[in-house]
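Working notes, structure below.
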There are 2 protein chains.
Amino acid sequence: MTPKPRPTYSVIAEKAGVSEATVSRVLNGDDRVDKSRAKKVLKVVEELGYKKHRAATALASGRTNLIAVVIDDDLSIFADPFWGTVTSGISRVLMENELQTLLMVTSVSSVDGPVAHYLQTGEVDGAIFFQLHKDALVRRLAKQGLPIVITGSPHAASDFVFVDTDNFGGGQAATKHLINRGCKKVAIITGDIETVAGHQRLDGYNQAYREFGRVPSKALQAPGDYSYESGKASMAKLLDSQPDIDGVFACNDLMALGAIATIEERGLRVPDDVAVIGFDDSLVAQTSRPGLTSVRQDIVALGEAAAELMIAQLRNETVEPRILPTELVIRESA
Amino acid sequence: MTPKPRPTYSVIAEKAGVSEATVSRVLNGDDRVDKSRAKKVLKVVEELGYKKHRAATALASGRTNLIAVVIDDDLSIFADPFWGTVTSGISRVLMENELQTLLMVTSVSSVDGPVAHYLQTGEVDGAIFFQLHKDALVRRLAKQGLPIVITGSPHAASDFVFVDTDNFGGGQAATKHLINRGCKKVAIITGDIETVAGHQRLDGYNQAYREFGRVPSKALQAPGDYSYESGKASMAKLLDSQPDIDGVFACNDLMALGAIATIEERGLRVPDDVAVIGFDDSLVAQTSRPGLTSVRQDIVALGEAAAELMIAQLRNETVEPRILPTELVIRESA
DNA sequence: AAACCTTGTGAAATCGGTTTCACGCAATCC
DNA sequence: GGATTGCGTGAAACCGATTTCACAAGGTTT
């Protein structure tokens, strides 16, 4: 009925014929313990299947072995499989390193909210933030010495540790693919330009143009907000002003599908009249007809990288941001 | 640089002119404290912005305020937005109730694995399991008195506390809709029949048939495994043997899209020749063309319900499993 | 041979709360 | 009016680890 009582240091110490202090030394890798006694302790620990009591350890040592994963639920968390996928990658790697994942889905907005308080008071050993909008809180936490990793590039010149997909390279590759396949007039439907990721994809698009010695026209650039509807509307606007567009790079898959809907509604064919490329290589890209050519990002790897950077920080290793490569997955749409 | 030192009971006790024991009583809602002294303590607590130290509280009280969310990563977690969505619902509700979500993405398979050990030794106050395959572990934990909630129906006659979507009702509603719109021969592409959810959806389909005084033919029942490919293949098999099928209920959206692909490849039109309904009302249902009619389940609500049942158990309230209603979202495909 | 380091060790303090227990005082009982 | 009950309270033990500190034993240095 009740959980079986766990052994404690005092039990181990007694069985191994040493003091509790020595047990602690052995279990924490203090090497100035007599080898034969250490071995004895380890044997007893093994026999008992002993594991440290988390709360007691945390109280005494000040380290909690808990890493917070903070997700701002102002974001459209619920619709997007992205976050869940990243998180599972994070959790797996942390768990392999004896760390636990504390999930906090909440509005991060206020710097003095409960989350802020929680993170500040040493309840966790580190925090991984998703898609940072307000960085005042993060900046403050970092200043207090809390190890932090951000998934998704933070704004410009900050020295946060972050992991991100190579948005620039992905946008560039997509655009180059369109040009290479013969498109003369390649438009872009951007994501939220406010976000760094959105901006980087646009930059990649522009760069590809330049590499072919062309100048990207502002008229070929339509704003979207990552939604299906916005892709549909932006495509309509683009075709209205530039009917001879023959290629589109949409900054995510959903907008790409919206664009395709508009294109087909106007009696044009994909990819023959207009080739379309999306970003994310999500489930919708794989199941749409025509199959959507898309820039794949390895989302699980993103989470794993975030966890690894966190672990490196906890070990006081110097840590560089990490940018993960993308891969263009070619299907029917381009 | 360093986190500011947190106040402790001794500080509060001194400022309020009481003992630490009294501070504890006030903060834990012990009502046999003199009102004016209690008020004084609360005032000091307020002023200092005091929050209890989690580890210390856990060590002393034996309660951790941590709820584990256990996800078996043998499952195709990474592809499916479902789990992430449920989890965010759980986390939000828990957080509103001063509980934290401990995410464990790991292989649950072994009863003696690290997860099992972790859950058994009182490191968490409760555990929420996703989609239970092996229930030996869960059964044992429950017997030890650990509060448990399962999302997704467990196998038959177990008395676990669980939350689930009304799979039966959803399947029934979808099938009835097809029959009502005039379909004479409605087939079903099942999900994994091994899972309870898959079976319940099939039962709902059969029930709808019976309500119309018809007998569901086994020949109209094709097995799938929730993948796009299996939907495609099963539909082909169905049409081969029963060319006059004019309605299909696929047990998830992905298989429904696969079915549509097959139908259209054969020169038939959706919904005019064959009407199709999916299950989940996922993103792909919303963005496919034709738009997919689908049984919506409120996934966030599922998570919230799971959290609520957990909280009820922690309060020692008696708890009934909860089945959430579905809603048929009608689009073009049926 | 005296003075000085090492090295390994255990007793005890500590982390920040919770809980038991005994005591003082007032209200209630016979 | 003395015995009984009950309430509010603080001192102190306790939860299970970590860490400081003092000390004994053995090895070096003059």
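Chain identifiers are assigned as A, B, and so on, following the order in which chains appear in the structure tokens; residues are numbered from 1 within each chain, and ligands are numbered from 1 in order of appearance.
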Quiz item: What are the residues of chain A that have an atom within 6 Å of an atom of chain B, counting only C-alpha atoms, as a PyMOL selection string?
Solution: chain A and resi 1-3+55-56+58-59+78+81+84-85+91-92+101-103+105+143-144+284
Quiz prompt | helix (DSSP H, G or I) positions in stretch 85-317 of chain A, given as JSON, numbers by chain | solution = {"A": [85, 86, 87, 88, 89, 90, 91, 92, 93, 94, 95, 96, 114, 115, 116, 117, 118, 119, 120, 136, 137, 138, 139, 140, 141, 142, 143, 167, 168, 169, 170, 171, 172, 173, 174, 175, 176, 177, 178, 179, 180, 196, 197, 198, 199, 200, 201, 202, 203, 204, 205, 206, 207, 208, 209, 210, 211, 218, 219, 220, 228, 229, 230, 231, 232, 233, 234, 235, 236, 237, 238, 239, 240, 241, 253, 254, 255, 256, 257, 258, 259, 260, 261, 262, 263, 264, 265, 283, 284, 285, 286, 287, 299, 300, 301, 302, 303, 304, 305, 306, 307, 308, 309, 310, 311, 312, 313, 314]}
Please, which residues in chain C fall within 7 Å of chain A when counting only C-alpha atoms (C1' of nucleotides), and what is the closest atom pair and distance in Å to one decimal for each, ordered by chain then residue number, as a Markdown table?
| residue | atom | partner | partner_atom | distance |
| --- | --- | --- | --- | --- |
| C:DG8 | C1' | A:Val33 | CA | 6.4 |
| C:DG10 | C1' | A:Ser19 | CA | 5.9 |
| C:DC15 | C1' | A:Ala60 | CA | 4.8 |
Practice problem: Would you mind listing what lies within 12 Å of C:DT20 as a list in words, with only C-alpha atoms (C1' of nucleotides) counted and same-chain residues fewer than 5 positions away left out? | Solution: Ala21 of chain B; DG10, DA11, DA12, DA13 and DC14 of chain D
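For stretch 270-281 of chain A, the list of residues within 6 Å, based on only C-alpha atoms (C1' of nucleotides) and with local chain neighbours fewer than 6 positions off taken out, reads A:Asp246, A:Gly247, A:Val248, A:Phe249, A:Ala250, A:Cys251, A:Asn252, A:Asp253, A:Ala256, A:Thr293, A:Ser294, A:Val295, A:Arg296, A:Gln297, A:Ser333, A:Ala334.
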Okay, now the selection with C-alpha atoms, as an mmCIF file, in the first residue's frame?
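Everything below was put into out.cif:
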data_model
loop_
_atom_site.group_PDB
_atom_site.id
_atom_site.type_symbol
_atom_site.label_atom_id
_atom_site.label_comp_id
_atom_site.auth_asym_id
_atom_site.auth_seq_id
_atom_site.Cartn_x
_atom_site.Cartn_y
_atom_site.Cartn_z
ATOM 1 C CA ASP A 246 6.197 31.792 -61.615
ATOM 2 C CA GLY A 247 7.710 30.855 -58.256
ATOM 3 C CA VAL A 248 6.901 31.451 -54.603
ATOM 4 C CA PHE A 249 8.838 30.827 -51.466
ATOM 5 C CA ALA A 250 6.445 30.821 -48.514
ATOM 6 C CA CYS A 251 8.065 31.103 -45.120
ATOM 7 C CA ASN A 252 6.141 28.186 -43.711
ATOM 8 C CA ASP A 253 4.127 25.268 -45.004
ATOM 9 C CA ALA A 256 2.492 27.715 -48.890
ATOM 10 C CA THR A 293 8.526 20.939 -51.582
ATOM 11 C CA SER A 294 9.746 22.324 -48.296
ATOM 12 C CA VAL A 295 12.752 23.260 -46.212
ATOM 13 C CA ARG A 296 13.112 20.661 -43.513
ATOM 14 C CA GLN A 297 14.394 21.537 -40.113
ATOM 15 C CA SER A 333 5.213 21.557 -55.925
ATOM 16 C CA ALA A 334 8.642 22.762 -57.044
#
Quiz prompt | Residue neighbourhood C:DA27, 10 Å, only C-alpha atoms (C1' of nucleotides), exclusion window fewer than 6 positions, as a list of chain:residue names | solution =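 With the cut-off at 10 Å, the set is D:DT5, D:DG6, D:DC7.
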Practice problem: Output as a list of chain:residue names the set of chain D residues within 6 Å of chain A, with distances taken over only C-alpha atoms (C1' of nucleotides). | Solution: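 Using only C-alpha atoms (C1' of nucleotides), chain D residues at most 6 Å from chain A: D:DG16, D:DA17, D:DT18.
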Keeping only C-alpha atoms (C1' of nucleotides), write the selected residues to a file as an mmCIF file, in the first residue's frame.
data_model
loop_
_atom_site.group_PDB
_atom_site.id
_atom_site.type_symbol
_atom_site.label_atom_id
_atom_site.label_comp_id
_atom_site.auth_asym_id
_atom_site.auth_seq_id
_atom_site.Cartn_x
_atom_site.Cartn_y
_atom_site.Cartn_z
ATOM 1 C "C1'" DG D 16 18.019 13.265 4.157
ATOM 2 C "C1'" DA D 17 21.432 14.869 2.200
ATOM 3 C "C1'" DT D 18 26.175 18.098 2.023
#
Practice problem: Measuring atom to atom with only C-alpha atoms, identify which of A:His199, A:Ile188, A:Ser153, A:Asn206 is nearest to A:Met235. | Solution: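 Using only C-alpha atoms, A:Met235 sits closest to A:Ile188.
Put simply, atom CA of B:Gly231 is 14.1 Å away from atom CA of B:Gly198.
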